[in-house]
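work.cif (mmCIF, C-alpha atoms and all ligand atoms) appears below.
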```cif
data_entry
#
loop_
_atom_site.group_PDB
_atom_site.id
_atom_site.type_symbol
_atom_site.label_atom_id
_atom_site.label_comp_id
_atom_site.auth_asym_id
_atom_site.auth_seq_id
_atom_site.Cartn_x
_atom_site.Cartn_y
_atom_site.Cartn_z
ATOM 1 C CA MET A 1 -82.239 94.935 233.992
ATOM 2 C CA PRO A 2 -79.194 92.817 234.854
ATOM 3 C CA PHE A 3 -75.806 94.071 233.739
ATOM 4 C CA SER A 4 -73.160 91.933 232.224
ATOM 5 C CA LEU A 5 -69.931 92.450 230.375
ATOM 6 C CA HIS A 6 -70.123 90.787 227.006
ATOM 7 C CA PHE A 7 -66.663 89.349 226.759
ATOM 8 C CA SER A 8 -66.415 86.619 224.197
ATOM 9 C CA PRO A 9 -65.282 83.246 225.574
ATOM 10 C CA THR A 10 -61.554 82.959 226.119
ATOM 11 C CA PRO A 11 -60.672 79.296 225.663
ATOM 12 C CA LEU A 12 -56.961 80.046 225.664
ATOM 13 C CA ILE A 13 -57.022 80.829 229.356
ATOM 14 C CA THR A 14 -56.292 77.756 231.388
ATOM 15 C CA ALA A 15 -54.579 79.167 234.468
ATOM 16 C CA PRO A 16 -56.892 79.347 237.480
ATOM 17 C CA SER A 17 -57.911 82.786 238.659
ATOM 18 C CA PRO A 18 -55.863 84.009 241.634
ATOM 19 C CA LEU A 19 -59.081 83.995 243.593
ATOM 20 C CA SER A 20 -61.633 81.402 242.768
ATOM 21 C CA LYS A 21 -63.969 82.194 245.627
ATOM 22 C CA PRO A 22 -66.508 84.992 245.302
ATOM 23 C CA PHE A 23 -65.047 88.342 246.216
ATOM 24 C CA PHE A 24 -67.468 88.836 249.095
ATOM 25 C CA LEU A 25 -65.787 85.994 250.931
ATOM 26 C CA VAL A 26 -62.473 87.795 250.792
ATOM 27 C CA PRO A 27 -61.743 89.319 254.195
ATOM 28 C CA TYR A 28 -61.791 93.056 254.574
ATOM 29 C CA TYR A 29 -58.283 94.368 254.026
ATOM 30 C CA HIS A 30 -57.148 97.493 255.779
ATOM 31 C CA THR A 31 -53.706 97.174 254.311
ATOM 32 C CA LEU A 32 -54.637 98.754 251.020
ATOM 33 C CA HIS A 33 -54.927 102.160 252.542
ATOM 34 C CA ALA A 34 -52.143 101.645 255.044
ATOM 35 C CA PRO A 35 -49.864 104.150 253.287
ATOM 36 C CA LYS A 36 -52.530 106.813 253.824
ATOM 37 C CA SER A 37 -52.597 106.346 257.569
ATOM 38 C CA PRO A 38 -51.535 109.489 259.401
ATOM 39 C CA LEU A 39 -49.291 107.399 261.617
ATOM 40 C CA CYS A 40 -45.650 108.257 261.215
ATOM 41 C CA SER A 41 -44.758 104.589 261.650
ATOM 42 C CA SER A 42 -46.418 103.781 258.357
ATOM 43 C CA MET A 43 -44.572 106.502 256.496
ATOM 44 C CA GLU A 44 -41.402 104.513 255.984
ATOM 45 C CA HIS A 45 -43.471 101.918 254.196
ATOM 46 C CA ALA A 46 -45.152 104.634 252.159
ATOM 47 C CA LEU A 47 -41.826 105.985 250.986
ATOM 48 C CA THR A 48 -40.943 102.666 249.444
ATOM 49 C CA HIS A 49 -44.438 102.054 248.064
ATOM 50 C CA GLN A 50 -44.190 103.180 244.465
ATOM 51 C CA GLY A 51 -46.976 101.416 242.609
ATOM 52 C CA LYS A 52 -44.794 98.391 241.964
ATOM 53 C CA GLN A 53 -46.511 96.051 239.614
ATOM 54 C CA GLU A 54 -45.615 93.149 237.414
ATOM 55 C CA ALA A 55 -45.513 93.735 233.677
ATOM 56 C CA PHE A 56 -48.924 93.469 232.064
ATOM 57 C CA ASP A 57 -49.529 90.306 230.174
ATOM 58 C CA ARG A 58 -51.193 89.991 226.819
ATOM 59 C CA ARG A 59 -53.320 87.161 225.588
ATOM 60 C CA PRO A 60 -52.453 85.532 222.286
ATOM 61 C CA GLU A 61 -55.809 86.493 220.824
ATOM 62 C CA ASP A 62 -55.458 90.166 221.799
ATOM 63 C CA SER A 63 -52.866 90.973 219.163
ATOM 64 C CA GLN A 64 -55.005 89.577 216.366
ATOM 65 C CA THR A 65 -57.937 91.869 216.876
ATOM 66 C CA LEU A 66 -56.629 95.342 216.021
ATOM 67 C CA PRO A 67 -58.799 97.176 213.494
ATOM 68 C CA LEU A 68 -57.235 98.199 210.217
ATOM 69 C CA GLY A 69 -55.069 101.307 210.534
ATOM 70 C CA LEU A 70 -54.490 101.053 214.273
ATOM 71 C CA ARG A 71 -50.835 100.516 215.108
ATOM 72 C CA ARG A 72 -49.899 98.285 218.024
ATOM 73 C CA ASP A 73 -46.608 100.137 218.547
ATOM 74 C CA ALA A 74 -48.346 103.526 218.939
ATOM 75 C CA MET A 75 -51.155 102.396 221.214
ATOM 76 C CA PRO A 76 -51.673 104.534 224.325
ATOM 77 C CA SER A 77 -50.858 102.655 227.526
ATOM 78 C CA HIS A 78 -53.283 104.702 229.606
ATOM 79 C CA VAL A 79 -56.535 106.222 228.374
ATOM 80 C CA ALA A 80 -58.589 108.478 230.652
ATOM 81 C CA VAL A 81 -62.252 109.213 229.996
ATOM 82 C CA ILE A 82 -64.682 111.857 231.194
ATOM 83 C CA MET A 83 -67.942 109.978 230.609
ATOM 84 C CA ASP A 84 -70.155 113.001 230.018
ATOM 85 C CA GLY A 85 -73.696 113.244 228.668
ATOM 86 C CA ASN A 86 -75.566 110.427 230.423
ATOM 87 C CA ARG A 87 -78.406 112.622 231.667
ATOM 88 C CA ARG A 88 -78.762 114.420 228.339
ATOM 89 C CA TRP A 89 -78.936 111.045 226.621
ATOM 90 C CA ALA A 90 -81.829 110.079 228.900
ATOM 91 C CA ARG A 91 -83.651 113.398 228.515
ATOM 92 C CA LEU A 92 -83.413 113.221 224.732
ATOM 93 C CA ARG A 93 -85.303 109.929 224.952
ATOM 94 C CA ASP A 94 -87.807 111.054 227.580
ATOM 95 C CA LEU A 95 -86.319 108.515 229.952
ATOM 96 C CA PRO A 96 -85.569 108.985 233.650
ATOM 97 C CA VAL A 97 -82.054 110.170 234.488
ATOM 98 C CA ARG A 98 -81.187 106.786 235.966
ATOM 99 C CA SER A 99 -81.642 105.146 232.552
ATOM 100 C CA GLY A 100 -78.929 107.454 231.245
ATOM 101 C CA TYR A 101 -76.521 106.340 233.938
ATOM 102 C CA GLU A 102 -77.405 102.696 233.353
ATOM 103 C CA ALA A 103 -76.756 103.120 229.657
ATOM 104 C CA GLY A 104 -73.449 104.767 230.651
ATOM 105 C CA VAL A 105 -72.428 101.639 232.535
ATOM 106 C CA GLU A 106 -73.114 99.532 229.452
ATOM 107 C CA SER A 107 -70.973 101.874 227.407
ATOM 108 C CA LEU A 108 -68.176 101.586 229.946
ATOM 109 C CA ARG A 109 -68.356 97.802 229.740
ATOM 110 C CA LYS A 110 -68.007 97.921 225.960
ATOM 111 C CA ILE A 111 -64.970 100.192 226.192
ATOM 112 C CA VAL A 112 -63.329 97.998 228.852
ATOM 113 C CA GLU A 113 -63.773 94.995 226.603
ATOM 114 C CA ILE A 114 -62.264 96.854 223.654
ATOM 115 C CA CYS A 115 -59.306 98.043 225.756
ATOM 116 C CA CYS A 116 -58.596 94.429 226.707
ATOM 117 C CA LYS A 117 -58.844 93.296 223.100
ATOM 118 C CA TRP A 118 -56.715 96.067 221.665
ATOM 119 C CA GLY A 119 -53.991 95.932 224.284
ATOM 120 C CA ILE A 120 -54.626 99.206 226.151
ATOM 121 C CA LYS A 121 -53.257 98.618 229.619
ATOM 122 C CA VAL A 122 -55.021 101.176 231.789
ATOM 123 C CA LEU A 123 -58.381 102.942 231.535
ATOM 124 C CA SER A 124 -59.266 105.656 234.057
ATOM 125 C CA VAL A 125 -62.857 106.815 234.225
ATOM 126 C CA PHE A 126 -64.271 109.834 236.015
ATOM 127 C CA ALA A 127 -67.322 108.172 237.572
ATOM 128 C CA PHE A 128 -68.202 110.711 240.266
ATOM 129 C CA SER A 129 -66.506 114.021 240.949
ATOM 130 C CA SER A 130 -66.128 115.760 244.303
ATOM 131 C CA ASP A 131 -68.683 118.281 242.998
ATOM 132 C CA ASN A 132 -71.225 115.617 242.071
ATOM 133 C CA TRP A 133 -72.081 115.363 245.781
ATOM 134 C CA PHE A 134 -74.076 118.556 245.219
ATOM 135 C CA ARG A 135 -76.449 116.869 242.757
ATOM 136 C CA PRO A 136 -79.994 116.002 243.944
ATOM 137 C CA LYS A 137 -79.868 113.469 246.791
ATOM 138 C CA VAL A 138 -81.932 110.910 244.915
ATOM 139 C CA GLU A 139 -79.511 111.059 241.987
ATOM 140 C CA VAL A 140 -76.459 110.677 244.241
ATOM 141 C CA GLU A 141 -78.065 107.704 245.966
ATOM 142 C CA PHE A 142 -78.880 106.111 242.662
ATOM 143 C CA LEU A 143 -75.294 106.518 241.466
ATOM 144 C CA MET A 144 -73.952 104.953 244.663
ATOM 145 C CA SER A 145 -76.273 101.979 244.203
ATOM 146 C CA LEU A 146 -75.234 101.760 240.562
ATOM 147 C CA PHE A 147 -71.541 101.590 241.492
ATOM 148 C CA GLU A 148 -72.322 98.859 243.975
ATOM 149 C CA ARG A 149 -74.467 96.872 241.554
ATOM 150 C CA GLY A 150 -72.066 97.319 238.648
ATOM 151 C CA MET A 151 -69.041 96.191 240.603
ATOM 152 C CA GLN A 152 -70.820 93.240 242.190
ATOM 153 C CA GLU A 153 -72.176 92.006 238.915
ATOM 154 C CA ASP A 154 -68.857 92.197 237.126
ATOM 155 C CA THR A 155 -66.699 90.637 239.825
ATOM 156 C CA GLY A 156 -66.577 87.273 238.035
ATOM 157 C CA ILE A 157 -65.525 88.981 234.805
ATOM 158 C CA PHE A 158 -62.662 90.802 236.531
ATOM 159 C CA PHE A 159 -61.199 87.495 237.646
ATOM 160 C CA ARG A 160 -61.908 85.596 234.471
ATOM 161 C CA GLU A 161 -60.477 88.353 232.276
ATOM 162 C CA ASN A 162 -57.525 89.089 234.574
ATOM 163 C CA ILE A 163 -58.620 92.700 235.192
ATOM 164 C CA ARG A 164 -57.345 94.763 238.087
ATOM 165 C CA ILE A 165 -59.721 97.301 239.652
ATOM 166 C CA SER A 166 -58.434 100.377 241.429
ATOM 167 C CA VAL A 167 -60.565 103.097 242.954
ATOM 168 C CA ILE A 168 -59.243 106.610 243.533
ATOM 169 C CA GLY A 169 -60.838 109.503 245.391
ATOM 170 C CA ASP A 170 -62.080 110.331 248.855
ATOM 171 C CA LEU A 171 -63.728 107.009 249.626
ATOM 172 C CA THR A 172 -64.469 108.040 253.219
ATOM 173 C CA LYS A 173 -67.495 109.957 251.901
ATOM 174 C CA LEU A 174 -69.062 106.863 250.326
ATOM 175 C CA PRO A 175 -71.595 104.604 252.049
ATOM 176 C CA LYS A 176 -69.734 102.105 254.248
ATOM 177 C CA ALA A 177 -70.907 99.034 252.316
ATOM 178 C CA LEU A 178 -69.642 100.545 249.072
ATOM 179 C CA GLN A 179 -66.294 101.422 250.635
ATOM 180 C CA GLU A 180 -65.869 97.832 251.767
ATOM 181 C CA LEU A 181 -66.894 96.454 248.411
ATOM 182 C CA MET A 182 -64.387 98.677 246.618
ATOM 183 C CA VAL A 183 -61.519 97.968 248.993
ATOM 184 C CA ASN A 184 -62.217 94.240 248.790
ATOM 185 C CA LEU A 185 -62.333 94.321 245.019
ATOM 186 C CA GLU A 186 -59.104 96.301 244.793
ATOM 187 C CA GLU A 187 -57.358 93.894 247.116
ATOM 188 C CA ALA A 188 -58.752 90.794 245.462
ATOM 189 C CA THR A 189 -57.777 91.900 241.949
ATOM 190 C CA LYS A 190 -54.453 93.567 242.724
ATOM 191 C CA ASN A 191 -52.414 90.804 241.108
ATOM 192 C CA ASN A 192 -54.432 90.762 237.891
ATOM 193 C CA THR A 193 -52.210 91.851 235.068
ATOM 194 C CA ARG A 194 -53.966 92.018 231.719
ATOM 195 C CA PHE A 195 -55.701 95.349 232.183
ATOM 196 C CA GLN A 196 -56.322 97.889 234.956
ATOM 197 C CA LEU A 197 -59.545 99.858 235.349
ATOM 198 C CA ILE A 198 -59.153 102.924 237.565
ATOM 199 C CA VAL A 199 -62.475 104.276 238.776
ATOM 200 C CA ALA A 200 -62.357 107.843 240.097
ATOM 201 C CA VAL A 201 -65.138 108.301 242.655
ATOM 202 C CA SER A 202 -65.531 111.330 244.909
ATOM 203 C CA TYR A 203 -62.409 112.471 243.121
ATOM 204 C CA SER A 204 -61.058 115.745 241.801
ATOM 205 C CA GLY A 205 -57.648 116.851 240.661
ATOM 206 C CA HIS A 206 -57.602 119.448 243.453
ATOM 207 C CA TYR A 207 -58.424 116.768 246.026
ATOM 208 C CA ASP A 208 -55.634 114.545 244.742
ATOM 209 C CA VAL A 209 -52.969 117.245 244.809
ATOM 210 C CA VAL A 210 -54.051 118.445 248.265
ATOM 211 C CA GLN A 211 -54.030 114.938 249.787
ATOM 212 C CA ALA A 212 -50.579 114.315 248.267
ATOM 213 C CA CYS A 213 -49.295 117.587 249.784
ATOM 214 C CA GLN A 214 -50.736 116.642 253.168
ATOM 215 C CA ARG A 215 -48.967 113.300 253.079
ATOM 216 C CA LEU A 216 -45.670 114.907 252.115
ATOM 217 C CA ALA A 217 -46.070 117.505 254.859
ATOM 218 C CA LEU A 218 -46.657 114.703 257.346
ATOM 219 C CA LYS A 219 -43.537 112.875 256.213
ATOM 220 C CA ALA A 220 -41.555 116.077 256.623
ATOM 221 C CA LYS A 221 -43.046 116.577 260.076
ATOM 222 C CA CYS A 222 -42.081 113.014 261.003
ATOM 223 C CA GLY A 223 -38.555 113.684 259.822
ATOM 224 C CA LEU A 224 -38.709 111.093 257.050
ATOM 225 C CA ILE A 225 -37.976 113.702 254.388
ATOM 226 C CA GLU A 226 -36.674 117.265 254.240
ATOM 227 C CA PRO A 227 -38.940 119.860 252.639
ATOM 228 C CA SER A 228 -36.166 120.393 250.099
ATOM 229 C CA ASP A 229 -36.423 116.692 249.104
ATOM 230 C CA ILE A 230 -39.847 117.312 247.637
ATOM 231 C CA ASN A 231 -39.751 117.036 243.882
ATOM 232 C CA VAL A 232 -41.920 115.760 241.026
ATOM 233 C CA SER A 233 -41.083 112.164 241.737
ATOM 234 C CA LEU A 234 -41.891 112.318 245.480
ATOM 235 C CA MET A 235 -45.113 114.148 244.691
ATOM 236 C CA GLU A 236 -46.162 111.484 242.193
ATOM 237 C CA GLN A 237 -45.572 108.762 244.752
ATOM 238 C CA GLU A 238 -48.289 110.368 246.861
ATOM 239 C CA LEU A 239 -50.858 111.018 244.149
ATOM 240 C CA GLU A 240 -53.662 108.505 244.021
ATOM 241 C CA THR A 241 -52.462 107.310 240.642
ATOM 242 C CA ASN A 242 -49.579 105.648 242.486
ATOM 243 C CA CYS A 243 -51.797 102.579 242.090
ATOM 244 C CA THR A 244 -50.637 102.139 238.519
ATOM 245 C CA LYS A 245 -47.441 101.654 236.606
ATOM 246 C CA PHE A 246 -48.757 104.185 234.023
ATOM 247 C CA PRO A 247 -49.852 107.188 236.109
ATOM 248 C CA HIS A 248 -49.954 109.696 233.231
ATOM 249 C CA PRO A 249 -52.787 109.194 230.772
ATOM 250 C CA ASP A 250 -51.532 109.293 227.182
ATOM 251 C CA LEU A 251 -54.973 110.179 225.896
ATOM 252 C CA LEU A 252 -57.948 111.878 227.542
ATOM 253 C CA ILE A 253 -61.335 111.497 225.892
ATOM 254 C CA ARG A 254 -64.280 113.651 226.910
ATOM 255 C CA THR A 255 -67.650 112.926 225.382
ATOM 256 C CA SER A 256 -70.750 115.089 224.814
ATOM 257 C CA GLY A 257 -69.130 117.995 222.978
ATOM 258 C CA GLU A 258 -67.857 119.814 226.069
ATOM 259 C CA PHE A 259 -64.289 121.152 225.941
ATOM 260 C CA ARG A 260 -63.261 121.089 229.580
ATOM 261 C CA ILE A 261 -61.117 119.009 231.899
ATOM 262 C CA SER A 262 -63.473 119.636 234.855
ATOM 263 C CA ASN A 263 -60.964 119.065 237.629
ATOM 264 C CA PHE A 264 -60.005 115.530 236.535
ATOM 265 C CA MET A 265 -56.370 114.342 237.050
ATOM 266 C CA LEU A 266 -54.936 117.871 236.834
ATOM 267 C CA TRP A 267 -51.353 116.929 237.627
ATOM 268 C CA GLN A 268 -51.350 113.713 235.645
ATOM 269 C CA LEU A 269 -52.757 115.308 232.468
ATOM 270 C CA ALA A 270 -49.783 117.640 232.035
ATOM 271 C CA TYR A 271 -48.696 116.106 228.697
ATOM 272 C CA THR A 272 -51.822 114.152 227.825
ATOM 273 C CA GLU A 273 -53.276 114.365 224.334
ATOM 274 C CA LEU A 274 -56.908 115.538 224.419
ATOM 275 C CA PHE A 275 -59.761 114.257 222.284
ATOM 276 C CA PHE A 276 -63.256 115.705 222.464
ATOM 277 C CA ALA A 277 -66.059 113.575 221.022
ATOM 278 C CA GLN A 278 -69.519 114.859 220.098
ATOM 279 C CA SER A 279 -71.304 111.659 221.145
ATOM 280 C CA LEU A 280 -72.974 111.438 224.495
ATOM 281 C CA TRP A 281 -71.252 108.789 226.637
ATOM 282 C CA PRO A 282 -73.976 106.101 226.260
ATOM 283 C CA ASP A 283 -73.584 106.414 222.465
ATOM 284 C CA PHE A 284 -69.796 106.261 222.557
ATOM 285 C CA GLY A 285 -68.863 102.927 221.049
ATOM 286 C CA GLU A 286 -66.172 101.123 219.125
ATOM 287 C CA ALA A 287 -66.317 103.392 216.049
ATOM 288 C CA GLU A 288 -65.845 106.568 218.122
ATOM 289 C CA PHE A 289 -63.159 104.988 220.256
ATOM 290 C CA LEU A 290 -61.293 103.929 217.143
ATOM 291 C CA LYS A 291 -61.549 107.514 215.823
ATOM 292 C CA ALA A 292 -60.012 108.835 219.045
ATOM 293 C CA LEU A 293 -57.183 106.291 218.938
ATOM 294 C CA LEU A 294 -56.437 106.951 215.268
ATOM 295 C CA ALA A 295 -56.309 110.696 216.002
ATOM 296 C CA PHE A 296 -53.996 110.002 218.932
ATOM 297 C CA GLN A 297 -51.682 107.974 216.724
ATOM 298 C CA GLN A 298 -51.368 110.950 214.354
ATOM 299 C CA ARG A 299 -50.223 113.284 217.129
ATOM 300 C CA GLN A 300 -46.619 114.265 217.634
ATOM 301 C CA ARG A 301 -45.815 114.263 221.321
ATOM 302 C CA ARG A 302 -42.930 116.570 222.074
ATOM 303 C CA TYR A 303 -43.190 117.095 225.838
ATOM 304 C CA GLY A 304 -42.115 120.689 225.399
ATOM 305 C CA VAL A 305 -38.844 119.694 223.738
HETATM 306 C C1 LIG B 401 -69.756 101.012 237.955
HETATM 307 C C2 LIG B 401 -69.354 102.296 237.364
HETATM 308 C C3 LIG B 401 -67.933 102.679 237.425
HETATM 309 C C4 LIG B 401 -70.289 103.063 236.794
HETATM 310 C C5 LIG B 401 -70.081 104.350 236.095
HETATM 311 C C6 LIG B 401 -71.420 104.981 235.822
HETATM 312 C C7 LIG B 401 -71.315 106.286 235.083
HETATM 313 C C8 LIG B 401 -71.507 106.265 233.609
HETATM 314 C C9 LIG B 401 -71.064 107.413 235.778
HETATM 315 C C10 LIG B 401 -70.952 108.745 235.186
HETATM 316 C C11 LIG B 401 -71.479 109.746 236.171
HETATM 317 C C12 LIG B 401 -71.411 111.175 235.791
HETATM 318 C C13 LIG B 401 -71.543 112.091 236.924
HETATM 319 C C14 LIG B 401 -71.253 111.581 234.507
HETATM 320 C C15 LIG B 401 -71.275 112.975 234.033
HETATM 321 O O1 LIG B 401 -72.237 113.109 233.018
HETATM 322 P P1 LIG B 401 -73.764 113.502 233.316
HETATM 323 O O2 LIG B 401 -74.513 112.269 233.412
HETATM 324 O O3 LIG B 401 -73.775 114.461 234.397
HETATM 325 O O4 LIG B 401 -74.195 114.102 231.963
HETATM 326 P P2 LIG B 401 -74.952 115.463 231.599
HETATM 327 O O5 LIG B 401 -73.826 116.373 231.249
HETATM 328 O O6 LIG B 401 -75.780 115.048 230.444
HETATM 329 O O7 LIG B 401 -75.761 115.967 232.754
#
```

Give the structure from the file, written as structure tokens.
Ligand SMILES: CC(C)=CCC/C(C)=C/CC/C(C)=C/COP(=O)(O)OP(=O)(O)O
Amino acid sequence: MPFSLHFSPTPLITAPSPLSKPFFLVPYYHTLHAPKSPLCSSMEHALTHQGKQEAFDRRPEDSQTLPLGLRRDAMPSHVAVIMDGNRRWARLRDLPVRSGYEAGVESLRKIVEICCKWGIKVLSVFAFSSDNWFRPKVEVEFLMSLFERGMQEDTGIFFRENIRISVIGDLTKLPKALQELMVNLEEATKNNTRFQLIVAVSYSGHYDVVQACQRLALKAKCGLIEPSDINVSLMEQELETNCTKFPHPDLLIRTSGEFRISNFMLWQLAYTELFFAQSLWPDFGEAEFLKALLAFQQRQRRYGV
């Protein structure tokens, strides 16, 4: 079954996409991961690389589509989601596990579209955790092919809708073709400004903190920083969420009635508001998302003060 995002036509957009050629014609860019190179010579660059990004734009039609009760001024900038319950959804319907994951992709597409419409700037999704490698081989392979298919099929939408794609996690473990696809897509969409989708693949909070520490240790070893320079800000420059202007999710949603964070963005979730939904991810739609956002807008965020 072919996938497609169901964005409604956007006649107000007249500017050409930054890349009009298909993404697969874009050359392979090594530069994206240059700051991660262990070479000391690249560290100077890394120190000045702080997720700089132009302000997000908003389309005229976006502001007119907020549901009743949802306040524009209290909208979270960054929503993170643990998309749990895909396999249970399939089992409940006597369907193969892969149908659950496919339904999960459709759900993700709906939520991306809603984020764009309602003016949420960043959505991070936990698509594959470092521990998911231990799932049955056939399931892992299916997920890898699903990521590849999903991203390929939506490439046109990312350009047309001005969506930036970022991928975080240990990509070196992914099949080579998928790595290239992801790096190409990140590079090709890096100047898109309406909305950013961060896909966490082969990711865990532990992994992220450890890789950031390794990079800081290397900088110290190269003499670019003193160990005593290390602080929250330097640490955050090395976390994988340095790809976004909004590295701390305002709201984390986990579906399927589980009350855990499961090693997702451990550092970044320090002051995040949590919302646990009963629905399984493939059933999570606009009504549930609205419920989570309305609950978020009722919260008082005090940051320990
Ligand atoms: C292109 C792209 C980014 C696709 C994303 C696809 C997607 C929905 C991935 C989720 C994968 C996953 C391991 C979910 C956890 O729930 P589970 O399925 O393990 O649920 P369970 O708790 O019912 O077993």

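For the pair CA of Cys116 (chain A) and CA of Leu290 (chain A), the interatomic distance is 13.7 Å.
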
Let me see if you get this right: every residue at most 6 Å from ligand LIG 401 (chain B), counting all atoms listed in the file, written as a PDB file with C-alpha atoms, keeping the file's coordinate frame.
```pdb
ATOM      1  CA  MET A  83     -67.942 109.978 230.609  1.00  0.00           C
ATOM      2  CA  ASP A  84     -70.155 113.001 230.018  1.00  0.00           C
ATOM      3  CA  GLY A  85     -73.696 113.244 228.668  1.00  0.00           C
ATOM      4  CA  ASN A  86     -75.566 110.427 230.423  1.00  0.00           C
ATOM      5  CA  ARG A  87     -78.406 112.622 231.667  1.00  0.00           C
ATOM      6  CA  ARG A  88     -78.762 114.420 228.339  1.00  0.00           C
ATOM      7  CA  TYR A 101     -76.521 106.340 233.938  1.00  0.00           C
ATOM      8  CA  GLY A 104     -73.449 104.767 230.651  1.00  0.00           C
ATOM      9  CA  VAL A 105     -72.428 101.639 232.535  1.00  0.00           C
ATOM     10  CA  ALA A 127     -67.322 108.172 237.572  1.00  0.00           C
ATOM     11  CA  PHE A 128     -68.202 110.711 240.266  1.00  0.00           C
ATOM     12  CA  PHE A 147     -71.541 101.590 241.492  1.00  0.00           C
ATOM     13  CA  GLY A 150     -72.066  97.319 238.648  1.00  0.00           C
ATOM     14  CA  MET A 151     -69.041  96.191 240.603  1.00  0.00           C
ATOM     15  CA  VAL A 199     -62.475 104.276 238.776  1.00  0.00           C
TER      16      VAL A 199
END
```

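When CA of Ala270 (chain A) is paired with CA of Ala212 (chain A), their separation reads 16.6 Å.
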
Non-local contacts of Phe259 (chain A) (10 Å; all atoms listed in the file; under 3 positions in same chain excluded) as a list in words: Arg254, Thr255, Ser256, Ser262, Leu274, Phe275, Phe276 and Ala277 of chain A

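For the choices A:Asp131, A:Glu288, A:Asp283, A:Glu161, the atom-to-atom distance to Arg194 (chain A) is smallest for A:Glu161 when using only C-alpha atoms.
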
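Distances here use only C-alpha atoms; by that measure, the residue among A:Pro227, A:Gly69, A:Gly169, A:Pro175 closest to Val210 (chain A) is A:Gly169.
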
Any chance you could model N, CA, C and O atoms for region 70-81 of chain A and send them as a PDB file, keeping the file's coordinate frame?
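The resulting file, result-v5.pdb, is reproduced below:
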```
ATOM      1  N   LEU A  70     -54.922 100.789 212.889  1.00  0.00           N
ATOM      2  CA  LEU A  70     -54.490 101.053 214.273  1.00  0.00           C
ATOM      3  C   LEU A  70     -53.174 100.331 214.524  1.00  0.00           C
ATOM      4  O   LEU A  70     -53.070  99.131 214.301  1.00  0.00           O
ATOM      5  N   ARG A  71     -52.182 101.107 214.942  1.00  0.00           N
ATOM      6  CA  ARG A  71     -50.835 100.516 215.108  1.00  0.00           C
ATOM      7  C   ARG A  71     -50.608 100.063 216.539  1.00  0.00           C
ATOM      8  O   ARG A  71     -50.774 100.840 217.481  1.00  0.00           O
ATOM      9  N   ARG A  72     -50.201  98.832 216.694  1.00  0.00           N
ATOM     10  CA  ARG A  72     -49.899  98.285 218.024  1.00  0.00           C
ATOM     11  C   ARG A  72     -48.794  99.096 218.704  1.00  0.00           C
ATOM     12  O   ARG A  72     -48.861  99.391 219.890  1.00  0.00           O
ATOM     13  N   ASP A  73     -47.768  99.489 217.931  1.00  0.00           N
ATOM     14  CA  ASP A  73     -46.608 100.137 218.547  1.00  0.00           C
ATOM     15  C   ASP A  73     -46.898 101.576 218.975  1.00  0.00           C
ATOM     16  O   ASP A  73     -46.089 102.179 219.683  1.00  0.00           O
ATOM     17  N   ALA A  74     -48.031 102.145 218.540  1.00  0.00           N
ATOM     18  CA  ALA A  74     -48.346 103.526 218.939  1.00  0.00           C
ATOM     19  C   ALA A  74     -49.591 103.581 219.816  1.00  0.00           C
ATOM     20  O   ALA A  74     -50.206 104.632 219.991  1.00  0.00           O
ATOM     21  N   MET A  75     -49.942 102.456 220.384  1.00  0.00           N
ATOM     22  CA  MET A  75     -51.155 102.396 221.214  1.00  0.00           C
ATOM     23  C   MET A  75     -50.919 103.119 222.550  1.00  0.00           C
ATOM     24  O   MET A  75     -49.847 102.952 223.144  1.00  0.00           O
ATOM     25  N   PRO A  76     -51.868 103.930 223.001  1.00  0.00           N
ATOM     26  CA  PRO A  76     -51.673 104.534 224.325  1.00  0.00           C
ATOM     27  C   PRO A  76     -51.686 103.452 225.403  1.00  0.00           C
ATOM     28  O   PRO A  76     -52.445 102.491 225.303  1.00  0.00           O
ATOM     29  N   SER A  77     -50.834 103.602 226.404  1.00  0.00           N
ATOM     30  CA  SER A  77     -50.858 102.655 227.526  1.00  0.00           C
ATOM     31  C   SER A  77     -52.033 102.967 228.429  1.00  0.00           C
ATOM     32  O   SER A  77     -52.699 102.082 228.940  1.00  0.00           O
ATOM     33  N   HIS A  78     -52.259 104.267 228.643  1.00  0.00           N
ATOM     34  CA  HIS A  78     -53.283 104.702 229.606  1.00  0.00           C
ATOM     35  C   HIS A  78     -54.240 105.685 228.918  1.00  0.00           C
ATOM     36  O   HIS A  78     -53.820 106.723 228.424  1.00  0.00           O
ATOM     37  N   VAL A  79     -55.497 105.327 228.906  1.00  0.00           N
ATOM     38  CA  VAL A  79     -56.535 106.222 228.374  1.00  0.00           C
ATOM     39  C   VAL A  79     -57.417 106.665 229.543  1.00  0.00           C
ATOM     40  O   VAL A  79     -57.796 105.835 230.382  1.00  0.00           O
ATOM     41  N   ALA A  80     -57.680 107.959 229.616  1.00  0.00           N
ATOM     42  CA  ALA A  80     -58.589 108.478 230.652  1.00  0.00           C
ATOM     43  C   ALA A  80     -59.861 108.970 229.956  1.00  0.00           C
ATOM     44  O   ALA A  80     -59.795 109.473 228.827  1.00  0.00           O
ATOM     45  N   VAL A  81     -60.991 108.810 230.626  1.00  0.00           N
ATOM     46  CA  VAL A  81     -62.252 109.213 229.996  1.00  0.00           C
ATOM     47  C   VAL A  81     -63.122 110.007 230.962  1.00  0.00           C
ATOM     48  O   VAL A  81     -63.324 109.598 232.110  1.00  0.00           O
TER      49      VAL A  81
END
```
